[in-house]
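Below: coords_23.tsv (TSV, C-alpha atoms (C1' of nucleotides))
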chain	number	residue	atom	x	y	z
H	1	MET	CA	0.21	7.20	30.01
H	2	GLN	CA	0.14	3.63	28.72
H	3	ILE	CA	-0.60	2.47	25.23
H	4	GLY	CA	-4.37	2.06	25.52
H	5	GLU	CA	-4.86	5.61	26.72
H	6	LEU	CA	-2.58	7.05	24.07
H	7	ALA	CA	-4.48	5.01	21.48
H	8	SER	CA	-7.87	6.35	22.48
H	9	ARG	CA	-6.64	9.92	22.89
H	10	SER	CA	-4.83	9.94	19.54
H	11	GLY	CA	-7.45	8.00	17.64
H	12	LEU	CA	-4.88	5.46	16.50
H	13	SER	CA	-4.91	1.74	17.29
H	14	ARG	CA	-2.53	0.11	19.78
H	15	ASP	CA	-1.14	-1.88	16.86
H	16	THR	CA	-0.45	1.30	14.93
H	17	LEU	CA	1.41	2.82	17.88
H	18	ARG	CA	3.56	-0.29	18.25
H	19	TYR	CA	4.15	-0.22	14.49
H	20	TYR	CA	5.21	3.44	14.66
H	21	GLU	CA	7.64	2.57	17.42
H	22	LYS	CA	9.14	-0.23	15.33
H	23	GLN	CA	9.57	2.28	12.49
H	24	GLY	CA	11.35	4.67	14.81
H	25	LEU	CA	8.63	7.31	14.76
H	26	ILE	CA	7.79	7.36	18.45
H	27	ARG	CA	9.59	6.27	21.58
H	28	ALA	CA	8.33	4.80	24.82
H	29	THR	CA	10.02	4.09	28.10
H	30	ARG	CA	9.28	0.74	29.74
H	31	ARG	CA	7.88	0.04	33.15
H	32	LEU	CA	9.26	-2.85	35.19
H	33	ASN	CA	6.51	-5.12	33.91
H	34	GLY	CA	7.48	-4.35	30.31
H	35	TYR	CA	4.52	-2.04	29.65
H	36	ARG	CA	5.19	1.00	27.47
H	37	HIS	CA	4.97	4.43	29.09
H	38	TYR	CA	4.40	7.59	27.07
H	39	PRO	CA	4.80	11.26	28.03
H	40	GLU	CA	2.10	13.80	27.13
H	41	GLU	CA	4.27	15.08	24.27
H	42	ALA	CA	3.65	11.84	22.41
H	43	LEU	CA	0.26	13.26	21.46
H	44	PHE	CA	1.88	16.23	19.74
H	45	VAL	CA	4.36	14.01	17.95
H	46	LEU	CA	1.49	11.86	16.69
H	47	ALA	CA	-0.39	14.93	15.50
H	48	TYR	CA	2.76	16.04	13.73
H	49	ILE	CA	3.10	12.65	12.05
H	50	GLY	CA	-0.51	12.88	10.91
H	51	THR	CA	0.10	16.30	9.43
H	52	ALA	CA	3.21	15.18	7.61
H	53	GLN	CA	1.37	12.16	6.23
H	54	ARG	CA	-1.43	14.35	4.92
H	55	LEU	CA	1.25	16.39	3.21
H	56	GLY	CA	2.26	13.27	1.32
H	57	PHE	CA	5.36	12.26	3.27
H	58	THR	CA	5.92	8.55	3.85
H	59	LEU	CA	6.60	7.31	7.37
H	60	ALA	CA	10.20	6.62	6.35
H	61	GLU	CA	10.65	10.24	5.32
H	62	ILE	CA	9.02	11.49	8.49
H	63	SER	CA	11.23	9.32	10.68
H	64	ARG	CA	14.38	10.77	9.14
H	65	GLU	CA	13.44	14.24	10.33
H	66	LEU	CA	11.61	13.39	13.50
H	67	PRO	CA	14.26	12.24	16.02
H	68	ALA	CA	14.98	15.82	17.02
H	69	LEU	CA	11.35	16.22	18.02
H	70	ALA	CA	11.12	12.89	19.81
H	71	ASP	CA	14.39	13.18	21.69
H	72	GLU	CA	14.66	15.28	24.76
H	73	GLY	CA	17.36	17.81	25.40
H	74	ILE	CA	17.20	19.25	21.92
H	75	PRO	CA	17.32	23.05	21.91
H	76	ALA	CA	14.07	24.85	21.16
H	77	THR	CA	15.77	26.56	18.23
H	78	ARG	CA	16.19	23.23	16.47
H	79	ILE	CA	12.55	22.40	17.00
H	80	ALA	CA	11.58	25.82	15.72
H	81	GLU	CA	13.69	25.20	12.63
H	82	ILE	CA	11.85	21.95	11.91
H	83	LEU	CA	8.53	23.69	12.33
H	84	ARG	CA	9.63	26.38	9.92
H	85	ILE	CA	10.52	23.72	7.33
H	86	LYS	CA	7.12	22.12	7.84
H	87	ILE	CA	5.42	25.47	7.42
H	88	ALA	CA	7.29	26.04	4.18
H	89	ALA	CA	6.10	22.63	2.94
H	90	LEU	CA	2.55	23.59	3.85
H	91	ASP	CA	2.85	26.87	1.98
H	92	GLU	CA	4.11	25.07	-1.10
H	93	ARG	CA	1.29	22.57	-0.90
H	94	ILE	CA	-1.30	25.29	-0.48
H	95	THR	CA	0.07	27.21	-3.44
H	96	GLY	CA	-0.15	24.09	-5.61
H	97	LEU	CA	-3.70	23.35	-4.60
H	98	MET	CA	-4.73	26.95	-5.25
H	99	ALA	CA	-3.21	26.76	-8.73
H	100	LEU	CA	-5.23	23.59	-9.40
H	101	ARG	CA	-8.30	25.31	-8.05
H	102	ASP	CA	-7.82	28.23	-10.41
H	103	ASP	CA	-7.25	25.87	-13.33
H	104	LEU	CA	-10.51	24.05	-12.66
H	105	SER	CA	-12.27	27.34	-12.12
H	106	THR	CA	-11.07	28.56	-15.52
H	107	ARG	CA	-12.31	25.39	-17.19
H	108	LEU	CA	-15.74	25.99	-15.74
H	109	ASP	CA	-16.09	29.00	-18.01
H	110	LEU	CA	-15.10	27.14	-21.16
H	111	ALA	CA	-17.63	25.74	-23.58
H	112	CYS	CA	-15.85	22.39	-23.50
H	113	PRO	CA	-14.11	21.96	-20.12
H	114	LEU	CA	-12.24	18.83	-21.10
H	115	VAL	CA	-10.09	20.47	-23.73
H	116	ALA	CA	-6.72	21.30	-22.27
H	117	ALA	CA	-6.42	25.01	-21.64
H	118	SER	CA	-2.65	24.51	-21.98
B	1	MET	CA	-2.64	8.32	-29.59
B	2	GLN	CA	-1.48	4.89	-28.50
B	3	ILE	CA	-0.43	3.83	-25.05
B	4	GLY	CA	3.29	4.63	-25.29
B	5	GLU	CA	2.64	8.21	-26.30
B	6	LEU	CA	0.02	8.73	-23.61
B	7	ALA	CA	2.44	7.25	-21.10
B	8	SER	CA	5.26	9.63	-21.97
B	9	ARG	CA	2.97	12.65	-22.25
B	10	SER	CA	1.25	11.93	-18.93
B	11	GLY	CA	4.34	10.81	-17.08
B	12	LEU	CA	2.68	7.54	-16.09
B	13	SER	CA	3.86	4.07	-17.08
B	14	ARG	CA	2.11	1.90	-19.69
B	15	ASP	CA	1.42	-0.57	-16.89
B	16	THR	CA	-0.25	2.12	-14.81
B	17	LEU	CA	-2.48	3.14	-17.73
B	18	ARG	CA	-3.56	-0.45	-18.28
B	19	TYR	CA	-4.15	-0.77	-14.55
B	20	TYR	CA	-6.30	2.38	-14.53
B	21	GLU	CA	-8.33	0.97	-17.40
B	22	LYS	CA	-8.89	-2.26	-15.46
B	23	GLN	CA	-10.09	-0.17	-12.51
B	24	GLY	CA	-12.53	1.67	-14.75
B	25	LEU	CA	-10.75	5.02	-14.53
B	26	ILE	CA	-9.95	5.53	-18.18
B	27	ARG	CA	-11.32	4.11	-21.38
B	28	ALA	CA	-9.65	3.26	-24.68
B	29	THR	CA	-11.02	2.22	-28.02
B	30	ARG	CA	-9.26	-0.64	-29.79
B	31	ARG	CA	-7.72	-0.71	-33.24
B	32	LEU	CA	-8.11	-3.78	-35.44
B	33	ASN	CA	-4.80	-5.15	-34.18
B	34	GLY	CA	-5.98	-4.88	-30.58
B	35	TYR	CA	-3.90	-1.81	-29.76
B	36	ARG	CA	-5.48	0.76	-27.45
B	37	HIS	CA	-6.33	4.16	-28.90
B	38	TYR	CA	-6.77	7.24	-26.72
B	39	PRO	CA	-8.27	10.63	-27.50
B	40	GLU	CA	-6.50	13.84	-26.44
B	41	GLU	CA	-8.98	14.23	-23.58
B	42	ALA	CA	-7.39	11.25	-21.86
B	43	LEU	CA	-4.63	13.61	-20.77
B	44	PHE	CA	-7.09	15.83	-18.96
B	45	VAL	CA	-8.76	12.85	-17.32
B	46	LEU	CA	-5.37	11.64	-16.09
B	47	ALA	CA	-4.53	15.08	-14.73
B	48	TYR	CA	-7.89	15.06	-12.98
B	49	ILE	CA	-7.16	11.65	-11.47
B	50	GLY	CA	-3.81	12.92	-10.25
B	51	THR	CA	-5.44	15.91	-8.63
B	52	ALA	CA	-8.05	13.79	-6.92
B	53	GLN	CA	-5.37	11.42	-5.65
B	54	ARG	CA	-3.39	14.29	-4.19
B	55	LEU	CA	-6.58	15.32	-2.43
B	56	GLY	CA	-6.56	11.95	-0.72
B	57	PHE	CA	-9.20	10.12	-2.76
B	58	THR	CA	-8.59	6.46	-3.52
B	59	LEU	CA	-8.83	5.26	-7.09
B	60	ALA	CA	-12.06	3.44	-6.19
B	61	GLU	CA	-13.61	6.68	-4.99
B	62	ILE	CA	-12.44	8.53	-8.06
B	63	SER	CA	-13.86	5.92	-10.40
B	64	ARG	CA	-17.31	6.24	-8.84
B	65	GLU	CA	-17.51	9.87	-9.86
B	66	LEU	CA	-15.48	9.81	-13.04
B	67	PRO	CA	-17.62	8.02	-15.67
B	68	ALA	CA	-19.39	11.26	-16.53
B	69	LEU	CA	-16.05	12.79	-17.43
B	70	ALA	CA	-14.81	9.79	-19.37
B	71	ASP	CA	-18.00	9.15	-21.32
B	72	GLU	CA	-18.89	11.19	-24.32
B	73	GLY	CA	-22.26	12.80	-24.90
B	74	ILE	CA	-22.57	14.09	-21.35
B	75	PRO	CA	-23.82	17.66	-21.17
B	76	ALA	CA	-21.29	20.32	-20.30
B	77	THR	CA	-23.43	21.32	-17.34
B	78	ARG	CA	-22.85	17.92	-15.70
B	79	ILE	CA	-19.11	18.25	-16.21
B	80	ALA	CA	-19.23	21.76	-14.81
B	81	GLU	CA	-21.04	20.41	-11.77
B	82	ILE	CA	-18.32	17.83	-11.14
B	83	LEU	CA	-15.66	20.50	-11.46
B	84	ARG	CA	-17.53	22.64	-8.96
B	85	ILE	CA	-17.57	19.74	-6.49
B	86	LYS	CA	-13.85	19.25	-7.01
B	87	ILE	CA	-13.23	22.95	-6.45
B	88	ALA	CA	-15.17	22.81	-3.21
B	89	ALA	CA	-13.03	19.85	-2.08
B	90	LEU	CA	-9.91	21.85	-2.93
B	91	ASP	CA	-11.17	24.82	-0.94
B	92	GLU	CA	-11.83	22.62	2.06
B	93	ARG	CA	-8.39	21.06	1.79
B	94	ILE	CA	-6.71	24.43	1.48
B	95	THR	CA	-8.57	25.72	4.53
B	96	GLY	CA	-7.44	22.71	6.56
B	97	LEU	CA	-3.83	23.12	5.53
B	98	MET	CA	-3.91	26.82	6.35
B	99	ALA	CA	-5.27	26.01	9.81
B	100	LEU	CA	-2.37	23.60	10.37
B	101	ARG	CA	0.03	26.20	9.09
B	102	ASP	CA	-1.29	28.72	11.57
B	103	ASP	CA	-1.09	26.20	14.38
B	104	LEU	CA	2.57	25.46	13.64
B	105	SER	CA	3.23	29.15	13.25
B	106	THR	CA	1.78	29.81	16.70
B	107	ARG	CA	3.93	27.08	18.22
B	108	LEU	CA	7.01	28.76	16.79
B	109	ASP	CA	6.43	31.65	19.16
B	110	LEU	CA	6.08	29.47	22.24
B	111	ALA	CA	8.94	28.78	24.60
B	112	CYS	CA	8.23	25.07	24.40
B	113	PRO	CA	6.70	24.27	21.00
B	114	LEU	CA	5.88	20.67	21.87
B	115	VAL	CA	3.34	21.48	24.51
B	116	ALA	CA	-0.11	21.33	23.05
B	117	ALA	CA	-1.50	24.82	22.62
B	118	SER	CA	-4.97	23.29	22.80
O	1	DC	C1'	13.73	-12.09	-43.89
O	2	DT	C1'	15.51	-9.93	-39.93
O	3	DA	C1'	15.76	-6.46	-36.58
O	4	DC	C1'	13.66	-3.58	-33.61
O	5	DA	C1'	10.31	-0.85	-31.43
O	6	DC	C1'	6.04	-1.08	-30.53
O	7	DC	C1'	1.79	-3.51	-28.64
O	8	DC	C1'	-1.11	-7.53	-26.11
O	9	DT	C1'	-2.68	-10.64	-21.75
O	10	DC	C1'	-2.27	-12.85	-17.43
O	11	DG	C1'	-0.47	-13.60	-13.23
O	12	DA	C1'	2.84	-12.90	-9.72
O	13	DG	C1'	5.55	-9.68	-6.94
O	14	DT	C1'	6.52	-5.21	-4.35
O	15	DG	C1'	6.31	-1.54	-0.81
O	16	DC	C1'	3.62	0.85	2.26
O	17	DA	C1'	0.82	1.25	6.23
O	18	DC	C1'	-1.43	-0.92	8.77
O	19	DT	C1'	-4.32	-5.00	11.08
O	20	DC	C1'	-5.07	-9.35	13.17
O	21	DC	C1'	-3.97	-13.45	15.67
O	22	DA	C1'	-1.89	-16.89	18.74
O	23	DG	C1'	0.05	-17.57	22.89
O	24	DG	C1'	1.14	-15.60	26.90
O	25	DG	C1'	2.10	-12.18	31.11
O	26	DT	C1'	0.19	-8.32	34.69
O	27	DC	C1'	-2.69	-6.59	38.04
O	28	DA	C1'	-6.59	-4.51	40.69
O	29	DA	C1'	-11.38	-5.92	42.18
O	30	DG	C1'	-14.49	-9.25	44.33
Y	1	DC	C1'	-8.00	-17.56	43.40
Y	2	DT	C1'	-10.61	-16.41	39.55
Y	3	DT	C1'	-12.30	-12.93	36.38
Y	4	DG	C1'	-11.60	-9.26	33.32
Y	5	DA	C1'	-9.22	-5.51	31.48
Y	6	DC	C1'	-5.12	-4.39	30.45
Y	7	DC	C1'	-0.34	-5.35	28.42
Y	8	DC	C1'	3.62	-8.13	25.68
Y	9	DT	C1'	5.97	-10.47	21.25
Y	10	DG	C1'	6.37	-12.46	16.68
Y	11	DG	C1'	4.62	-13.39	12.57
Y	12	DA	C1'	1.10	-13.69	9.10
Y	13	DG	C1'	-2.50	-11.31	6.44
Y	14	DT	C1'	-4.83	-7.22	4.05
Y	15	DG	C1'	-5.77	-3.51	0.69
Y	16	DC	C1'	-3.99	-0.23	-2.23
Y	17	DA	C1'	-1.48	1.21	-6.15
Y	18	DC	C1'	1.35	-0.02	-8.78
Y	19	DT	C1'	5.37	-2.90	-11.24
Y	20	DC	C1'	7.50	-6.72	-13.51
Y	21	DG	C1'	8.03	-10.84	-16.26
Y	22	DA	C1'	6.88	-14.50	-19.44
Y	23	DG	C1'	5.30	-15.50	-23.67
Y	24	DG	C1'	3.67	-13.75	-27.74
Y	25	DG	C1'	1.66	-10.64	-31.73
Y	26	DT	C1'	2.26	-6.14	-35.02
Y	27	DG	C1'	4.38	-3.13	-38.11
Y	28	DT	C1'	7.88	-0.38	-40.51
Y	29	DA	C1'	12.79	0.01	-42.12
Y	30	DG	C1'	16.81	-2.02	-44.43

Would you mind writing the file out in structure tokens?
Amino acid sequence: MQIGELASRSGLSRDTLRYYEKQGLIRATRRLNGYRHYPEEALFVLAYIGTAQRLGFTLAEISRELPALADEGIPATRIAEILRIKIAALDERITGLMALRDDLSTRLDLACPLVAAS
Amino acid sequence: MQIGELASRSGLSRDTLRYYEKQGLIRATRRLNGYRHYPEEALFVLAYIGTAQRLGFTLAEISRELPALADEGIPATRIAEILRIKIAALDERITGLMALRDDLSTRLDLACPLVAAS
DNA sequence: CTACACCCTCGAGTGCACTCCAGGGTCAAG
DNA sequence: CTTGACCCTGGAGTGCACTCGAGGGTGTAG
């Protein structure tokens, strides 16, 4: 797959993909003419990056953890470990949001919602 | 409360508070010497802004909805309505994160986690 | 009166994550 | 051999959310 197809299938711009490559987030092999070539897995990696970003990680943080996913020849156990870490981050995030939700919900029942419930 | 105290109690910098004021997110009355004066409620408004930011809203988006919270003399029912909207946004966010969590969790059980489960 | 911790404005600078542009190469179709 | 849809690089520009600095005023304590 070349960059235009990956762009349209991922919903990102060609510029963004080239930017991600410069930041070390994704990798592409090159054809003889210099064109980038991406494997199907690139789509998963991009989805993963999107998830991590939504969780509040910067691209720099993501790229520190990502090489194991982008490289080939890494054992599945290592990938599983990374996914487990990501799941734990999600759980933490969800817990925090639910706490905020409950806080707001409690305020709803107060006469004056703006006063800190402490 | 003047700006230094609000800064240390909210964990934000004085510069950030002045920036938020310029963006129309918070309001301060002025003393005769020109110093800003904040009511206790400012702390709740700042917590609210932080929540909204974590939900992915930009400051511009937040400021469009916030005046009702920052102004005085607004009926509690209006405030309650805003809180309900915020709670709905939180619910949506939580649902999305849980879906991602489940997706990653499913991948954990696959032989090759990088292949899209589609 | 001096020191020191506050406060003020205005404008410039920073880091992040893109986004755009100029100038140019590649390649299949007609 | 031209047209049009692709692709390349390098560098500048954008918008957001701060962050800092210069230059200066305020107010209490010794």

Pick out the chain H residues within 9 Å of chain B. Count all atoms listed in the file. Give them as a PDB file with C-alpha atoms, in the frame of the given file.
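In the end it all went to result.pdb:
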ATOM      1  CA  GLU H  40       2.100  13.800  27.130  1.00  0.00           C
ATOM      2  CA  GLU H  41       4.270  15.080  24.270  1.00  0.00           C
ATOM      3  CA  LEU H  43       0.260  13.260  21.460  1.00  0.00           C
ATOM      4  CA  PHE H  44       1.880  16.230  19.740  1.00  0.00           C
ATOM      5  CA  VAL H  45       4.360  14.010  17.950  1.00  0.00           C
ATOM      6  CA  THR H  51       0.100  16.300   9.430  1.00  0.00           C
ATOM      7  CA  ARG H  54      -1.430  14.350   4.920  1.00  0.00           C
ATOM      8  CA  LEU H  55       1.250  16.390   3.210  1.00  0.00           C
ATOM      9  CA  GLY H  56       2.260  13.270   1.320  1.00  0.00           C
ATOM     10  CA  LEU H  69      11.350  16.220  18.020  1.00  0.00           C
ATOM     11  CA  ALA H  76      14.070  24.850  21.160  1.00  0.00           C
ATOM     12  CA  ILE H  79      12.550  22.400  17.000  1.00  0.00           C
ATOM     13  CA  ALA H  80      11.580  25.820  15.720  1.00  0.00           C
ATOM     14  CA  GLU H  81      13.690  25.200  12.630  1.00  0.00           C
ATOM     15  CA  LEU H  83       8.530  23.690  12.330  1.00  0.00           C
ATOM     16  CA  ARG H  84       9.630  26.380   9.920  1.00  0.00           C
ATOM     17  CA  LYS H  86       7.120  22.120   7.840  1.00  0.00           C
ATOM     18  CA  ILE H  87       5.420  25.470   7.420  1.00  0.00           C
ATOM     19  CA  ALA H  88       7.290  26.040   4.180  1.00  0.00           C
ATOM     20  CA  LEU H  90       2.550  23.590   3.850  1.00  0.00           C
ATOM     21  CA  ASP H  91       2.850  26.870   1.980  1.00  0.00           C
ATOM     22  CA  ARG H  93       1.290  22.570  -0.900  1.00  0.00           C
ATOM     23  CA  ILE H  94      -1.300  25.290  -0.480  1.00  0.00           C
ATOM     24  CA  THR H  95       0.070  27.210  -3.440  1.00  0.00           C
ATOM     25  CA  LEU H  97      -3.700  23.350  -4.600  1.00  0.00           C
ATOM     26  CA  MET H  98      -4.730  26.950  -5.250  1.00  0.00           C
ATOM     27  CA  LEU H 100      -5.230  23.590  -9.400  1.00  0.00           C
ATOM     28  CA  ARG H 101      -8.300  25.310  -8.050  1.00  0.00           C
ATOM     29  CA  ASP H 102      -7.820  28.230 -10.410  1.00  0.00           C
ATOM     30  CA  LEU H 104     -10.510  24.050 -12.660  1.00  0.00           C
ATOM     31  CA  SER H 105     -12.270  27.340 -12.120  1.00  0.00           C
ATOM     32  CA  ARG H 107     -12.310  25.390 -17.190  1.00  0.00           C
ATOM     33  CA  LEU H 108     -15.740  25.990 -15.740  1.00  0.00           C
ATOM     34  CA  ASP H 109     -16.090  29.000 -18.010  1.00  0.00           C
ATOM     35  CA  ALA H 111     -17.630  25.740 -23.580  1.00  0.00           C
ATOM     36  CA  CYS H 112     -15.850  22.390 -23.500  1.00  0.00           C
ATOM     37  CA  PRO H 113     -14.110  21.960 -20.120  1.00  0.00           C
ATOM     38  CA  LEU H 114     -12.240  18.830 -21.100  1.00  0.00           C
ATOM     39  CA  VAL H 115     -10.090  20.470 -23.730  1.00  0.00           C
ATOM     40  CA  ALA H 116      -6.720  21.300 -22.270  1.00  0.00           C
TER      41      ALA H 116
END

Residues within 10 Å of region 2-9 of chain Y, all atoms listed in the file, excluding chain neighbours under 5 positions, as a list in words: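 Final neighbour list, sorted by chain and number: Gln2, Ile3, Gly4, Asn33, Gly34, Tyr35 and Arg36 of chain H; DG23, DG24, DG25, DT26, DC27, DA28, DA29 and DG30 of chain O.
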
Å distance separating C1' of DA17 (chain Y) from CA of Leu25 (chain H), one decimal place: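 It comes out at 24.0 Å.
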
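One finds CA of Lys22 (chain B) at 12.6 Å from C1' of DC10 (chain O).
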
Neighbours of chain O in chain H at 9 Å, counting only C-alpha atoms (C1' of nucleotides), as a VMD selection string: chain H and resid 15 to 16 19 33 58 to 59

Coordinates-based distance that separates C1' of DA12 (chain Y) from CA of Thr29 (chain H) (Å, one decimal):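 Between CA of Thr29 (chain H) and C1' of DA12 (chain Y) the gap works out to 27.5 Å.
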
Nearest-residue call for chain Y, choices B:Ser10, B:Gln23, B:Thr106, B:Ser63, using all atoms listed in the file: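 Of B:Ser10, B:Gln23, B:Thr106, B:Ser63, the one nearest chain Y, counting all atoms listed in the file, is B:Gln23.
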
Check which residues of chain Y sit at most 12 Å from chain B using only C-alpha atoms (C1' of nucleotides), and return one row each with the closest pair of atoms and their distance in Å to one decimal, ordered by chain and rising number, as a tab-separated table.
residue	atom	partner	partner_atom	distance
Y:DG15	C1'	B:Thr58	CA	11.2
Y:DC16	C1'	B:Thr58	CA	8.2
Y:DA17	C1'	B:Leu59	CA	8.4
Y:DC18	C1'	B:Thr16	CA	6.6
Y:DT19	C1'	B:Asp15	CA	7.3
Y:DC20	C1'	B:Asp15	CA	9.3
Y:DG25	C1'	B:Asn33	CA	8.8
Y:DT26	C1'	B:Asn33	CA	7.2
Y:DG27	C1'	B:Asn33	CA	10.2

Counting only C-alpha atoms, the residue of B:Leu66, B:Leu46, B:Ala99, B:Leu12 that sits nearest Arg78 (chain B):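 That would be B:Leu66, the residue with the smallest distance to Arg78 (chain B).
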